[in-house]
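So the structure is just underneath, and the comments pick up after that.
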Amino acid sequence: MSCSSSDLALLLGSSANSSAAADYICNQFADAGYAIDTTYLLFSAYLVFSMQLGFAMLCAGSVRAKNTMNIMLTNVLDAAAGGLFYYLFGFAFAFGGPSNGFIGKHFFGLKEVPEPGFDYSNFLYQWAFAIAAAGITSGSIAERTQFVAYLIYSSFLTGFVYPVVSHWFWSGDGWAAAARNSGESLLFKSGVIDFAGSGVVHMVGGIAGLWGALIEGPRIGRFDHGGRSVALRGHSATLVVLGTFLLWFGWYGFNPGSFNVIFKTYGPSGSLHGQWSAVGRTAVTTTLAGCTAALTTLFGKRLQTGHWNVTDVCNGLLGGFAAITSGCSVVDPWAAIICGFVSAWVLIGLNKLAAALKFDDPLEAAQLHGGCGAWGIIFTALFARERYVNEVYPGRPGRPYGLFMGGGGRLLAAHVVQILVIVGWVSATMGPLFYALHKFGLLRISGEDEMAGMDLTRHGGFAYVYHDDDSITQNGSPGGGGGFMLKSSVVRVEPRTAPAAATNHEQV
Amino acid sequence: EAAEMSCSSSDLAPLLGGANASAAADYICGQFTDAGYAIDTTYLLFSAYLVFAMQLGFAMLCAGSVRAKNTMNIMLTNVLDAAAGGIFYYVFGFAFAFGGPSNGFIGKHFFGLKDVPEPSFDYSNFLYQWAFAIAAAGITSGSIAERTQFVAYLIYSAFLTGFVYPIVSHWFWSGDGWAAAGRNAGESLLFESGVIDFAGSGVVHLVGGIAGLWGALIEGPRIGRFDHTGRSVALRGHSATLVVLGTFLLWFGWYGFNPGSFTVIFRTYGPSGSIHGQWSAVGRTAVTTTLAGCTAALTTLFGKRLQTGHWNVVDVCNGLLGGFAAITAGCSVVEPWAAIICGFVSAWVLIGLNKLAAALKFDDPLEAAQLHGGCGAWGIIFTALFARERYVNEVYPGRPGRPYGLFMGGGGRLLAAHIIQILVIVGWVSATMGPLFYLLHKFGLLRISAEDEMAGMDLTRHGGFAYVYHDEDSMSQNGSPGFMLKSSAARVEPRTTPAATNQQQV
Amino acid sequence: MSCSSSDLALLLGSSANSSAAADYICNQFADAGYAIDTTYLLFSAYLVFSMQLGFAMLCAGSVRAKNTMNIMLTNVLDAAAGGLFYYLFGFAFAFGGPSNGFIGKHFFGLKEVPEPGFDYSNFLYQWAFAIAAAGITSGSIAERTQFVAYLIYSSFLTGFVYPVVSHWFWSGDGWAAAARNSGESLLFKSGVIDFAGSGVVHMVGGIAGLWGALIEGPRIGRFDHGGRSVALRGHSATLVVLGTFLLWFGWYGFNPGSFNVIFKTYGPSGSLHGQWSAVGRTAVTTTLAGCTAALTTLFGKRLQTGHWNVTDVCNGLLGGFAAITSGCSVVDPWAAIICGFVSAWVLIGLNKLAAALKFDDPLEAAQLHGGCGAWGIIFTALFARERYVNEVYPGRPGRPYGLFMGGGGRLLAAHVVQILVIVGWVSATMGPLFYALHKFGLLRISGEDEMAGMDLTRHGGFAYVYHDDDSITQNGSPGGGGGFMLKSSVVRVEPRTAPAAATNHEQV
């Protein structure tokens, strides 16, 4: 808190009780601060949670109709299983200080929460981040992965792999954190400025998806026998747009919310400079990076394909967001435009590369979150502005900042290390996991299942029943009863009632 | 109870000393009061907006859970819940619920928001409570979906939002309510405890669920729901995507529903300046809510997998919502680990009640009676078992030694009060909504004709189907007059060649 | 801020440092105020942004399936292009004071932000408003407009036409602003009370759409050869409802958020009267106007058509919101009910008029936002309550208020001027633009494209692929490869694998 009893006591001065009066007043401000900051953090957490809805809709729209139920179930379970695992041990691994630089070791099952520095709202906020990482990976392996494999990798990623990474870069004990506890030395005297997680969240999810998709191989029909890339279009562009806008909406919790507190001054008390302004600036940089990436993709793809393509624009937009996530709080708005512009080309280039290498990622998740995330980490090391870095990560005067802003190369060195370490750690943990699942026959579904669609073979039926005859047939079918979910393979009897017949005819 | 500020002028004045100490203390504490109003109103309003988003969640959940031919009908009911509820709750519902000082049964002030704002009720409180009221009506609409006349819907919805629900909320949430845990000081509590139904497992969910139960019972099952040999036949909804969309939106909105029910966040529990305050309890409430829903979802996933052999997303969504409905009563007074127990049991409650409903040939398209009624009732019992002493005293302060959860060593008085709550809600809703549905039934206003039901209400009552994915449909209509036509008009062939598109798209 | 150091210093009195102590305490309150108000404003901005999602879904559901991708792309680009243009110059034109009454001239590229009065959060909030105006217009010209025309008009509207209007009525320098800088004279000693923009946003978008739709003419088939109106129904009522509810949700940012700050007392400090209460009242009046309009439309249309129509109810609801937007903060809740009731009939009447005049607006945007918006401006001039006007626009005692509330006709005069000026300005700028696009053949698509649907001809395919055979055919097709987006005109080869055939059979 910025209200200091000892300072105020001196000013209140003459009275015998001045110290008590100062305590009283400053405690009131402390209370107000808790109320304001918790309100801010909780609503930010709710926004981040809404990204899970965005992922679900984006994934649903991007796969074929026959696999919609499967992919949505994985998204629901990301959130649900993630909730339990992150409660039991994930949060402890990530933020359970005091600990070592590698892994946290307190707060299992939220024991001893609240304590100064960690309240329940912090847990909720971090949980929403953890499930986002798992959601990214699910896109890469969509449409061909066994559901059991999904449950296993999701638990492992949310409960262990991701929390450890977030400990390294975000915990006060983390070996590479830019905001490391005072007294500890920073990596290259700088630490890694991955403010909201281009690396910690997006690269982790993207690299995990990369390994999953590599080991599984492409979907049947994704590349024809001549080796040419064949588009397997998702079944609903509307859902893609819905999901993208929801992710955009949620990103306002993801990036600006990562400040955690908003009631904090930068200059002298009473001036207009404070975290509130930095929070607003972060929302602006986030917006501009995404907008620029969307426009760049629009025209870039138009030149290449001759179409104005909305799903490509949506992916470009999300790539811009994934890239700016790392530096959103420490760069100027004009730099965010550069960030978004480059990230659009990174995504386009990586997609071409993926097609050339016969790598199939239905959601482009590895390219988008992995590739643009990595670009964002580099971008931050180039464009971080001195004043902003010192405001957001205070208490270490003279720390390095962006190379192009005159801050030297130490921040860039730290960020290159971050990329290498994340790629290495995720590959070393998720790679063997996916490989073991593959070896035990638990990873990929059978060719028959894949052609028929997982919804039919694993999830009890298709997601959509737009044609009324389906249900009417079941009604009228002599053998059509007996359970909630039936394979639709029952014989199809003609409806017996006249109005229904008319209906079918007209609607079909 | 807005703005119980912790800054006390009388405490501060002696500390400041000096001739104007009292005025200075007033000045400073007045500033804190203002800050408190600003913070708490921001908190409450955004919570209200989240709760309102649940109405969108209900609309999408309901739309996805019914057949395509009834989609317009169910969505219209959801829109009108909110719209009609807004008018009725403004004119008298809010007054019945919170219009104190009054008696224990019904409130009697604030009609048409007269005399608002006053120290305990500002406009933001009204908006928040309105969002709750329309949620109750939304629950019931699910139970009677796909076979109810629209007029019946308008009548019951107005009655429920404007009268039945407000009275229940008066009993348990108003300072004057006879069974409220936060009853006005000086009044005695039911069993010296009162009912801790923090965000409304009983007041909202049980009320909506029981109303739906009577509606669905009196209407009977949909045509084809049970075949002639009496076996249960699934009438699947038309879009699992909409079900998932609706479920996530409800989850999102529940963060306004449960944590928002504190209505103020700027309030200390310990001494001023410590980390303990309502802000922490608000966060804890969000966590318990999350964990209960997550556990219920996972339990349902594996439970149904064992039974049916499928990984079913629609069932998981319903399980999740059941967990939320259950934790709603105790979310603020139980530990996170207890929330896991709450969610686990609620999943089995829902599975069991669904089996029971199928056995009894009870047809509820959204499982609303089972989910909101059954899991809601379980949540009320759960709270009486697991409420923790410290949390109860923090959230409902000023009554030292009050009872808490039976399993936590707090005795059985809270449980007794909660059993009374269940009985009273079931009785009151049955006594009001039961006769209403029965009358509508007797006057032929409740159920649509079999022909309409087979054809789908969208066609017969709402001017057409909700979806026109195939281009030929709209092109055919080009040739016919009028904005909304029954699609029974002759189907003219499109006259222009580009319509060949149809062939490619189909 | 309401905490006054000089007042407090007198009270603290005896000590030598009393002035410093008072500064210290009041500065703390200033900080708390920044934190609270920024939290409030940013989350309001996020809500307003979610309206863009609402527009996208509403538009998507209201057009035919064959044009869904087109309309959604325009909505995404509204936000994206709007973000860039509003950052570069739109915000400067609108709020760049000190300037003249016509147009602002500071803050280009957010230079010199933050300064007292304008922080980054203000920019974000105003950007969300600007893109809403462009979103309105896109509905009027849906299903028949070239994508390039869309890009051009959208940039011009967001970057110039709209910012200038918002400068006039909302900037402290604006010639017609009700909250004009002290010392400047008000229009008719009153100024225009267009609190959240029935005129500035909704009429601007609606009138622009009116000209676009007029110049383009109706869609093919909208009026048959006998001249009768033929409904071209949208393809999904579910999306219409989804969009409407999202707009409702977002309107809670639009109207109550327009206060910008919530930490401000009206009465003496410590009383319960303050902006927080006015914010809540604004949310209530907004709700009641929409609810009344929805119910009025329900019964009004039922009497006319015999159906209970959900899309009409949704439009009625939105009309009520558009109308109350102007006066939401200065009228009583009961007056909001009148506002909504009349606006429903305004919309019904204008729709009848549009059909009679063979004016085709697929979203009814010109009627809804233009017509109901204009009614809302008049309504405010009739029902604005004295106390609320003086609380929301303080510092000018004796200013006029609603005619029916005894406040005289000067407010009404100012509001009539507002309507005329907005109609004139938008017509003088957007009319020629649309006409020039029309003359150069850039406005309307060809008849063939229109019949086939723009998604197929311009956006690479349809939005929906519910039937599995579509994708499978593409896989197996000898000529089906080669690129991401193919026209579906390739020959349709039978799937070669047995399970797929079974699937098709069962699902269709």
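We name chains A, B, ... following the order of the structure tokens; residues begin at 1 in each chain, and ligands are numbered from 1 as shown.
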Practice problem: Would you mind writing down, as a ChimeraX atom specification, each residue of region 125-347 of chain C that DSSP on the backbone assigns to helix (DSSP H, G or I)? | Solution: /C:125-140,147-170,187-189,198-216,237-254,256-259,275-305,310-327,333-347
Keeping C-alpha atoms for every residue in the selection just given, could you write it to a file as a compact mmCIF listing (two decimals), in the first residue's frame?
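Result file result02.txt:
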# COMPACT_ATOMS: atom_id res chain seq x y z
CA TYR C 125 -14.03 3.17 -24.14
CA GLN C 126 -14.51 5.62 -26.99
CA TRP C 127 -13.08 3.17 -29.51
CA ALA C 128 -15.67 0.62 -28.50
CA PHE C 129 -18.33 3.25 -29.22
CA ALA C 130 -16.89 4.16 -32.59
CA ILE C 131 -16.95 0.61 -33.89
CA ALA C 132 -20.53 0.22 -32.74
CA ALA C 133 -21.58 3.02 -35.10
CA ALA C 134 -19.94 1.30 -38.05
CA GLY C 135 -21.53 -1.98 -37.04
CA ILE C 136 -24.99 -0.43 -37.27
CA THR C 137 -24.47 0.68 -40.84
CA SER C 138 -23.19 -2.70 -41.98
CA GLY C 139 -26.59 -4.18 -41.24
CA SER C 140 -28.42 -1.82 -43.57
CA PHE C 147 -16.45 -5.96 -49.65
CA VAL C 148 -14.21 -3.15 -50.84
CA ALA C 149 -17.04 -0.66 -50.50
CA TYR C 150 -17.44 -1.88 -47.00
CA LEU C 151 -13.81 -1.27 -46.12
CA ILE C 152 -13.95 2.24 -47.54
CA TYR C 153 -17.12 3.46 -45.90
CA SER C 154 -16.24 1.83 -42.58
CA SER C 155 -12.89 3.59 -42.38
CA PHE C 156 -14.41 6.91 -43.35
CA LEU C 157 -17.23 6.60 -40.84
CA THR C 158 -15.11 5.44 -37.91
CA GLY C 159 -12.19 7.71 -38.66
CA PHE C 160 -13.92 10.94 -39.58
CA VAL C 161 -17.71 11.24 -39.72
CA TYR C 162 -18.44 9.76 -36.32
CA PRO C 163 -15.55 11.38 -34.42
CA VAL C 164 -16.60 14.82 -35.60
CA VAL C 165 -20.16 14.28 -34.40
CA SER C 166 -18.95 13.03 -31.05
CA HIS C 167 -16.76 16.11 -30.78
CA TRP C 168 -19.77 18.38 -31.21
CA PHE C 169 -21.88 16.79 -28.51
CA TRP C 170 -19.50 15.12 -26.07
CA LEU C 187 -26.54 26.11 -27.27
CA PHE C 188 -29.89 27.71 -26.30
CA LYS C 189 -28.37 28.00 -22.82
CA SER C 198 -28.98 7.97 -29.31
CA GLY C 199 -27.93 10.64 -31.75
CA VAL C 200 -24.16 10.51 -31.75
CA VAL C 201 -23.97 6.76 -32.24
CA HIS C 202 -27.32 5.35 -33.28
CA MET C 203 -28.62 8.06 -35.56
CA VAL C 204 -25.24 8.45 -37.19
CA GLY C 205 -25.07 4.73 -37.93
CA GLY C 206 -28.71 4.58 -38.95
CA ILE C 207 -28.63 7.56 -41.32
CA ALA C 208 -25.44 6.29 -42.93
CA GLY C 209 -27.16 2.96 -43.44
CA LEU C 210 -30.22 4.71 -44.84
CA TRP C 211 -28.20 6.31 -47.60
CA GLY C 212 -26.30 3.15 -48.35
CA ALA C 213 -29.44 1.06 -48.61
CA LEU C 214 -31.25 3.73 -50.66
CA ILE C 215 -28.48 4.04 -53.19
CA GLU C 216 -27.99 0.29 -53.51
CA ALA C 237 -33.25 -17.20 -35.16
CA THR C 238 -30.94 -18.68 -32.55
CA LEU C 239 -28.14 -16.39 -33.63
CA VAL C 240 -30.54 -13.45 -33.58
CA VAL C 241 -31.44 -14.18 -29.98
CA LEU C 242 -27.83 -14.77 -29.06
CA GLY C 243 -26.84 -11.46 -30.62
CA THR C 244 -29.69 -9.60 -29.00
CA PHE C 245 -28.86 -10.85 -25.53
CA LEU C 246 -25.20 -10.02 -26.04
CA LEU C 247 -26.16 -6.51 -27.10
CA TRP C 248 -28.35 -6.20 -24.03
CA PHE C 249 -25.42 -7.36 -21.91
CA GLY C 250 -23.13 -4.88 -23.59
CA TRP C 251 -25.60 -2.03 -23.25
CA TYR C 252 -24.88 -2.08 -19.52
CA GLY C 253 -21.46 -0.84 -20.46
CA PHE C 254 -22.80 1.55 -23.06
CA PRO C 256 -24.21 3.34 -17.30
CA GLY C 257 -20.57 3.30 -18.40
CA SER C 258 -20.97 6.67 -20.08
CA PHE C 259 -20.60 8.32 -16.69
CA GLN C 275 -22.78 9.06 -9.05
CA TRP C 276 -22.88 5.40 -7.95
CA SER C 277 -26.60 5.76 -7.43
CA ALA C 278 -27.08 7.52 -10.77
CA VAL C 279 -25.14 4.74 -12.45
CA GLY C 280 -27.49 2.17 -10.99
CA ARG C 281 -30.52 4.23 -11.98
CA THR C 282 -29.21 4.44 -15.52
CA ALA C 283 -28.93 0.67 -15.67
CA VAL C 284 -32.52 0.44 -14.44
CA THR C 285 -33.96 2.92 -16.95
CA THR C 286 -32.10 1.12 -19.73
CA THR C 287 -33.54 -2.21 -18.65
CA LEU C 288 -37.09 -0.95 -18.33
CA ALA C 289 -37.14 0.79 -21.71
CA GLY C 290 -35.95 -2.34 -23.49
CA CYS C 291 -38.33 -4.60 -21.58
CA THR C 292 -41.33 -2.41 -22.33
CA ALA C 293 -40.45 -2.14 -25.99
CA ALA C 294 -40.11 -5.92 -26.22
CA LEU C 295 -43.50 -6.56 -24.64
CA THR C 296 -45.17 -3.87 -26.73
CA THR C 297 -43.72 -5.36 -29.89
CA LEU C 298 -44.78 -8.84 -28.85
CA PHE C 299 -48.43 -7.94 -28.51
CA GLY C 300 -48.42 -5.37 -31.29
CA LYS C 301 -47.10 -7.84 -33.82
CA ARG C 302 -49.29 -10.62 -32.49
CA LEU C 303 -52.34 -8.53 -33.24
CA GLN C 304 -51.07 -7.75 -36.70
CA THR C 305 -49.65 -11.06 -37.86
CA VAL C 310 -39.12 -13.81 -31.50
CA THR C 311 -37.04 -11.91 -34.06
CA ASP C 312 -39.52 -9.03 -34.03
CA VAL C 313 -39.39 -8.99 -30.25
CA CYS C 314 -35.62 -8.85 -30.39
CA ASN C 315 -35.69 -5.91 -32.76
CA GLY C 316 -38.26 -4.15 -30.62
CA LEU C 317 -36.08 -4.65 -27.59
CA LEU C 318 -33.08 -3.16 -29.32
CA GLY C 319 -35.19 -0.24 -30.50
CA GLY C 320 -36.10 0.49 -26.90
CA PHE C 321 -32.44 0.46 -25.95
CA ALA C 322 -31.48 2.74 -28.83
CA ALA C 323 -34.17 5.20 -27.72
CA ILE C 324 -33.33 5.33 -24.01
CA THR C 325 -29.62 5.73 -24.72
CA SER C 326 -29.95 9.49 -24.98
CA GLY C 327 -31.81 10.18 -21.77
CA PRO C 333 -37.65 4.82 -14.36
CA TRP C 334 -41.35 5.38 -15.05
CA ALA C 335 -40.46 7.65 -17.95
CA ALA C 336 -38.27 4.92 -19.40
CA ILE C 337 -41.37 2.77 -19.71
CA ILE C 338 -43.01 5.47 -21.82
CA CYS C 339 -39.87 5.72 -23.88
CA GLY C 340 -39.87 2.01 -24.63
CA PHE C 341 -43.57 1.87 -25.36
CA VAL C 342 -43.42 4.61 -27.97
CA SER C 343 -40.21 3.34 -29.52
CA ALA C 344 -41.83 -0.01 -30.26
CA TRP C 345 -44.54 1.74 -32.27
CA VAL C 346 -42.00 3.97 -33.96
CA LEU C 347 -40.19 0.89 -35.18
Quiz prompt | At most 6 Å to chain A: residues in chain B, only C-alpha atoms, as a PyMOL selection string | solution = chain B and resi 15-16+68+224+231-234+238-240+248+265-266+272-273+279+283-284+294+310-313+454-455
Quiz item: Could you pull the residues within 10 Å of Gly447 (chain C), counting only C-alpha atoms, minus those fewer than 5 positions along the same chain, as a ChimeraX atom specification?
Solution: /B:498 /C:144,219-220,452-453
Practice problem: Please identify all polymer residues within 9 Å of region 423-440 of chain B, counting only C-alpha atoms, omitting same-chain residues fewer than 2 positions from it, and present them as a PyMOL selection string. | Solution: chain B and resi 152+155-156+159-160+164-165+168+202-203+206-208+210-212+214-215+218-219+418-421+442-447
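Between CA of Ala355 (chain C) and CA of Phe440 (chain C) the interatomic distance comes to 28.2 Å.
The smallest atom-to-atom distance between chain A and any of C:Gln146, C:Leu363, C:Gly96, C:Gly267, using only C-alpha atoms, is found for C:Gln146.
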